[in-house]
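Trainee: Take this structure first; my questions come after.
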Amino acid sequence: MDTVYLDNNATTKVADKVLDEMLPYFSDYYGNPSSMHTFGGNVGKKVMNAREKTAALIGASPEEIVFTSCGTESDSTAIRAAIQSNPDKKHILTTRVEHPAVKNLCEHFFKNGYQVTYLPVDGLGNLDLDYLRQTLTDDTAIVSIMWANNESGVIFPIHQIAKIVKERGIVFHTDAVQAVGKIPINLKETGIDMLSLSGHKIHASKGVGALYVRKGTKYSPYLIGGHQERGRRGGTENVASIIGLGKACELAAEHLDDINTRVKKLRDKLETELLKRIPNAQVNGNKDARLPNTTSIGFEYVEGEAILLMLDQFGICASSGSACTSGSLEPSHVLRAMGVPFTSAHGSIRFSLSTYTRSEEIDFVIEKMPPIIEKLRELSPFWKEKKVAG
Ligand code: PLP
């Protein structure tokens with residue numbers, strides 16, 4: 001079997017139809033969308049068309065979409081815009097399980113005099129909404145809470161959260177990089193002010209993203225320059241990637257049903273079979289409110305990195321739950337926030353599927369995983385100790 005790619009929360013393959021749409025905009029139609037001539041103007045129309053398709057996927061209006069370079073830029077733009085628009089307010093509210101795109105930016109603001117509250121999560125990765133309510137203050141400039149977690153797949157009740165935050169008249173941003181294309185999103189039904197998405201998580205290319213900014217939301221650009229994006233983000237547009245993003249959004253809407261039925265079943269089969277065949281293994285996170293493509297499983301008494309290396313020998317791609325910084329294999333901040341015991345957090349593996357995942361690939365992983373874990377446990381002094389202790 002060739003590569004078995006189960007790391008789609010890290011990045012996805014560019015869909016063939018997306019690439020087909022993009023290619024002519026490198027070679028034949030290379031005009032600047034802002035130019036006055038028809039050659040450039042036609043490119044501008046195609047960018048507009050991509051804006052409509054992106055908006056349609058999330059139930060927004062095209063004027064509410066600002067194209068960016070990635071999810072990280074969208075997150076940064078949203079949080080900085082809220083802070084600049086509310087210069088008297090010095091408090092930011094977020095969670096302990098955000099992606100570094102939000103987490104590290106909040107830390108940056110903390111170092112620059114802002115007060116930051118990181119809401120805790122329980123053992124299943126859930127937030128306490130009463131605690132959220134109590135933590136909002138008149139000094140809160142923005143609340144930024146992700147829609148779905150990239151590691152555990154846990155989905156936060158974002159509509160309820162938006163309601164609580166908006167009742168206090170505070171700006172609400174959600175990092176929906178992992179949610180878009182996996183669960184239905186209709187922004188007309190919510191109080192969300194800003195939402196981030198990223199192209200490379202939904203089968204568009206790397207280096208393109210979008211920020212939804214609800215009409216009427218106070219905004220200031222992060223990239224100050226030309227009049228592109230109606231003055232909301234300076235810089236000549238990454239035309240081919242934006243056009244690819246538009247196509248990817250159209251395809252994502254078509255594939256939503258497949259992700260929530262066939263792919264979800266494959267995920268469930270993988271999870272159930274691994275738990276059945278491998279002792280001392282458990283799922284990290286709330287199984288009931290979870291992305292349909294994601295499972296994070298802790299295999300006790302083994303190192304996640306060792307599992308990944310052995311999977312790699314069979315061409316299987318997955319991720320571990322460690323933050324591999326400065327040579328130490330600390331469990332990630334997400335697993336630590338959930339209080340996953342060290343023995344299990346160290347051996348946590350995330351499998352993330354996509355609409356291109358096939359049933360044979362899942363069977364292959366189910367076959368290969370148990371002997372890998374068994375072999376690694378034979379080498380583990382902790383496992384031997386545990387067996388002796390009974
Ligand atoms: N937010 C979440 C939840 C993510 O999973 C990621 C990427 O993994 C990002 C933000 C950053 O997106 P990008 O890689 O497009 O900057």
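The chains in the structure tokens are called A, B, ... from first to last as shown; in each chain the residues are counted from 1, and the ligands are counted from 1 in the order shown.
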Against ligand 1, which residues of chain A fall within 10 Å? For each one I want the closest pair of atoms and the distance in Å (one decimal), counting only C-alpha atoms and all ligand atoms, rows by chain and increasing residue number, as a tab-separated table.
Mentor:
```
residue	atom	partner	partner_atom_place_in_ligand_line	distance
A:Asn8	CA	ligand 1	8 (O)	9.6
A:Asn9	CA	ligand 1	5 (O)	6.4
A:Ala10	CA	ligand 1	8 (O)	5.4
A:Thr11	CA	ligand 1	8 (O)	7.3
A:Thr68	CA	ligand 1	15 (O)	9.4
A:Ser69	CA	ligand 1	15 (O)	7.4
A:Cys70	CA	ligand 1	15 (O)	3.8
A:Gly71	CA	ligand 1	15 (O)	3.6
A:Thr72	CA	ligand 1	16 (O)	3.7
A:Glu73	CA	ligand 1	16 (O)	6.5
A:Ser74	CA	ligand 1	16 (O)	8.0
A:Asp75	CA	ligand 1	10 (C)	7.2
A:Ser76	CA	ligand 1	16 (O)	9.9
A:Val97	CA	ligand 1	3 (C)	9.4
A:Glu98	CA	ligand 1	3 (C)	6.8
A:His99	CA	ligand 1	1 (N)	5.0
A:Pro100	CA	ligand 1	10 (C)	7.3
A:Ala101	CA	ligand 1	10 (C)	5.5
A:Val102	CA	ligand 1	1 (N)	7.5
A:Lys103	CA	ligand 1	1 (N)	9.8
A:Ile145	CA	ligand 1	3 (C)	9.9
A:Met146	CA	ligand 1	3 (C)	6.6
A:Trp147	CA	ligand 1	3 (C)	8.0
A:Ala148	CA	ligand 1	3 (C)	6.8
A:Asn149	CA	ligand 1	3 (C)	5.9
A:Asn150	CA	ligand 1	5 (O)	4.6
A:Glu151	CA	ligand 1	5 (O)	7.8
A:Gly153	CA	ligand 1	3 (C)	9.5
A:Thr174	CA	ligand 1	1 (N)	9.5
A:Asp175	CA	ligand 1	1 (N)	5.8
A:Ala176	CA	ligand 1	3 (C)	6.5
A:Val177	CA	ligand 1	2 (C)	4.9
A:Gln178	CA	ligand 1	3 (C)	5.3
A:Ala179	CA	ligand 1	3 (C)	8.2
A:Ser196	CA	ligand 1	10 (C)	7.8
A:Leu197	CA	ligand 1	15 (O)	7.4
A:Ser198	CA	ligand 1	15 (O)	4.6
A:Gly199	CA	ligand 1	15 (O)	6.7
A:His200	CA	ligand 1	15 (O)	6.4
A:Lys201	CA	ligand 1	15 (O)	7.4
A:Ser205	CA	ligand 1	15 (O)	9.7
A:Lys206	CA	ligand 1	15 (O)	7.0
A:Gly207	CA	ligand 1	15 (O)	6.8
A:Val208	CA	ligand 1	15 (O)	7.0
A:Gly209	CA	ligand 1	15 (O)	6.3
A:Ala210	CA	ligand 1	15 (O)	9.3
```
Trainee: Counting only C-alpha atoms, what is within 7 Å of Leu291 in chain A, bar same-chain residues fewer than 6 positions away, as a PyMOL selection string?
Mentor: chain A and resi 153-155+182
Trainee: Could those selected residues go to a file with all heavy atoms, as an mmCIF file, in the first residue's frame?
Mentor:
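Wrote it out as selection.cif, contents follow:
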```cif
data_model
loop_
_atom_site.group_PDB
_atom_site.id
_atom_site.type_symbol
_atom_site.label_atom_id
_atom_site.label_comp_id
_atom_site.auth_asym_id
_atom_site.auth_seq_id
_atom_site.Cartn_x
_atom_site.Cartn_y
_atom_site.Cartn_z
ATOM 1 N N GLY A 153 -10.422 17.132 18.454
ATOM 2 C CA GLY A 153 -11.618 17.197 17.609
ATOM 3 C C GLY A 153 -12.847 17.684 18.362
ATOM 4 O O GLY A 153 -13.930 17.818 17.775
ATOM 5 N N VAL A 154 -12.711 17.950 19.673
ATOM 6 C CA VAL A 154 -13.875 18.364 20.477
ATOM 7 C C VAL A 154 -14.460 19.673 19.930
ATOM 8 O O VAL A 154 -13.736 20.621 19.627
ATOM 9 C CB VAL A 154 -13.486 18.529 21.969
ATOM 10 C CG1 VAL A 154 -14.609 19.183 22.767
ATOM 11 C CG2 VAL A 154 -13.124 17.178 22.571
ATOM 12 N N ILE A 155 -15.799 19.671 19.793
ATOM 13 C CA ILE A 155 -16.507 20.840 19.263
ATOM 14 C C ILE A 155 -17.096 21.617 20.433
ATOM 15 O O ILE A 155 -17.809 21.051 21.269
ATOM 16 C CB ILE A 155 -17.647 20.392 18.312
ATOM 17 C CG1 ILE A 155 -17.070 19.619 17.117
ATOM 18 C CG2 ILE A 155 -18.477 21.576 17.840
ATOM 19 C CD1 ILE A 155 -18.120 18.957 16.230
ATOM 20 N N LYS A 182 -16.198 20.517 7.829
ATOM 21 C CA LYS A 182 -16.430 19.243 8.525
ATOM 22 C C LYS A 182 -17.790 19.211 9.198
ATOM 23 O O LYS A 182 -18.364 18.148 9.387
ATOM 24 C CB LYS A 182 -15.330 19.003 9.572
ATOM 25 C CG LYS A 182 -13.959 18.793 8.926
ATOM 26 C CD LYS A 182 -12.855 18.695 9.944
ATOM 27 C CE LYS A 182 -11.496 18.737 9.245
ATOM 28 N NZ LYS A 182 -10.459 19.334 10.071
#
```
Trainee: To test your reading of the structure, identify every residue in range 93-253 of chain A that backbone DSSP assigns to strand (DSSP E), and report it as a VMD selection string.
Mentor: chain A and resid 93 to 95 115 to 119 140 to 144 171 to 175 194 to 198 209 to 213
Trainee: So, counting only C-alpha atoms, which residue among A:Ile65, A:Ile158, A:Leu136, A:Leu335 is closest to Ala289 in chain A?
Mentor: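 Between A:Ile65, A:Ile158, A:Leu136, A:Leu335, the residue approaching Ala289 in chain A most closely is A:Ile158.
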Trainee: Here is a test: counting only C-alpha atoms, which residue of A:Ala318, A:Phe172, A:Leu329, A:Ser359 is nearest to Lys264 in chain A?
Mentor: A:Ser359
Trainee: Tell me, in Å to one decimal, how far CA of Lys45 in chain A is from CA of Phe26 in chain A.
Mentor: 16.0 Å
Trainee: Compile a residue-level contact table for range 244-347 of chain A against range 376-387 of chain A at a cut-off of 12 Å, reporting for every qualifying residue the shortest atom pair and its distance in Å to one decimal, with only C-alpha atoms counted, rows ordered by chain and ascending number, as JSON lines.
Mentor:
```
{"residue": "A:Ile278", "atom": "CA", "partner": "A:Arg377", "partner_atom": "CA", "distance": 11.1}
{"residue": "A:Pro279", "atom": "CA", "partner": "A:Arg377", "partner_atom": "CA", "distance": 11.0}
{"residue": "A:Asn280", "atom": "CA", "partner": "A:Trp383", "partner_atom": "CA", "distance": 10.2}
{"residue": "A:Phe299", "atom": "CA", "partner": "A:Arg377", "partner_atom": "CA", "distance": 9.8}
{"residue": "A:Glu300", "atom": "CA", "partner": "A:Trp383", "partner_atom": "CA", "distance": 8.2}
{"residue": "A:Tyr301", "atom": "CA", "partner": "A:Trp383", "partner_atom": "CA", "distance": 5.6}
{"residue": "A:Val302", "atom": "CA", "partner": "A:Arg377", "partner_atom": "CA", "distance": 6.1}
{"residue": "A:Glu303", "atom": "CA", "partner": "A:Leu376", "partner_atom": "CA", "distance": 8.3}
{"residue": "A:Gly304", "atom": "CA", "partner": "A:Leu376", "partner_atom": "CA", "distance": 10.3}
{"residue": "A:Glu305", "atom": "CA", "partner": "A:Leu376", "partner_atom": "CA", "distance": 11.0}
{"residue": "A:Ala306", "atom": "CA", "partner": "A:Leu376", "partner_atom": "CA", "distance": 7.7}
{"residue": "A:Ile307", "atom": "CA", "partner": "A:Leu376", "partner_atom": "CA", "distance": 7.8}
{"residue": "A:Leu308", "atom": "CA", "partner": "A:Leu376", "partner_atom": "CA", "distance": 11.4}
{"residue": "A:Leu309", "atom": "CA", "partner": "A:Leu376", "partner_atom": "CA", "distance": 11.2}
{"residue": "A:Met310", "atom": "CA", "partner": "A:Leu376", "partner_atom": "CA", "distance": 9.4}
{"residue": "A:Leu311", "atom": "CA", "partner": "A:Leu376", "partner_atom": "CA", "distance": 11.9}
{"residue": "A:Thr343", "atom": "CA", "partner": "A:Phe382", "partner_atom": "CA", "distance": 9.0}
{"residue": "A:Ser344", "atom": "CA", "partner": "A:Trp383", "partner_atom": "CA", "distance": 11.7}
{"residue": "A:Gly347", "atom": "CA", "partner": "A:Leu376", "partner_atom": "CA", "distance": 10.6}
```
Trainee: Give me every helix (DSSP H, G or I) residue in range 72-232 of chain A, going by DSSP on the backbone, as a PyMOL selection string.
Mentor: chain A and resi 72-85+100-111+129-135+158-167+187-189+199-201+228-231
Trainee: With only C-alpha atoms as the atoms that count, which of A:Gly41, A:Gly181, A:Gly113, A:Gly125 lies nearest to His333 in chain A?
Mentor: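 Counting only C-alpha atoms, the residue closest to His333 in chain A is A:Gly125.
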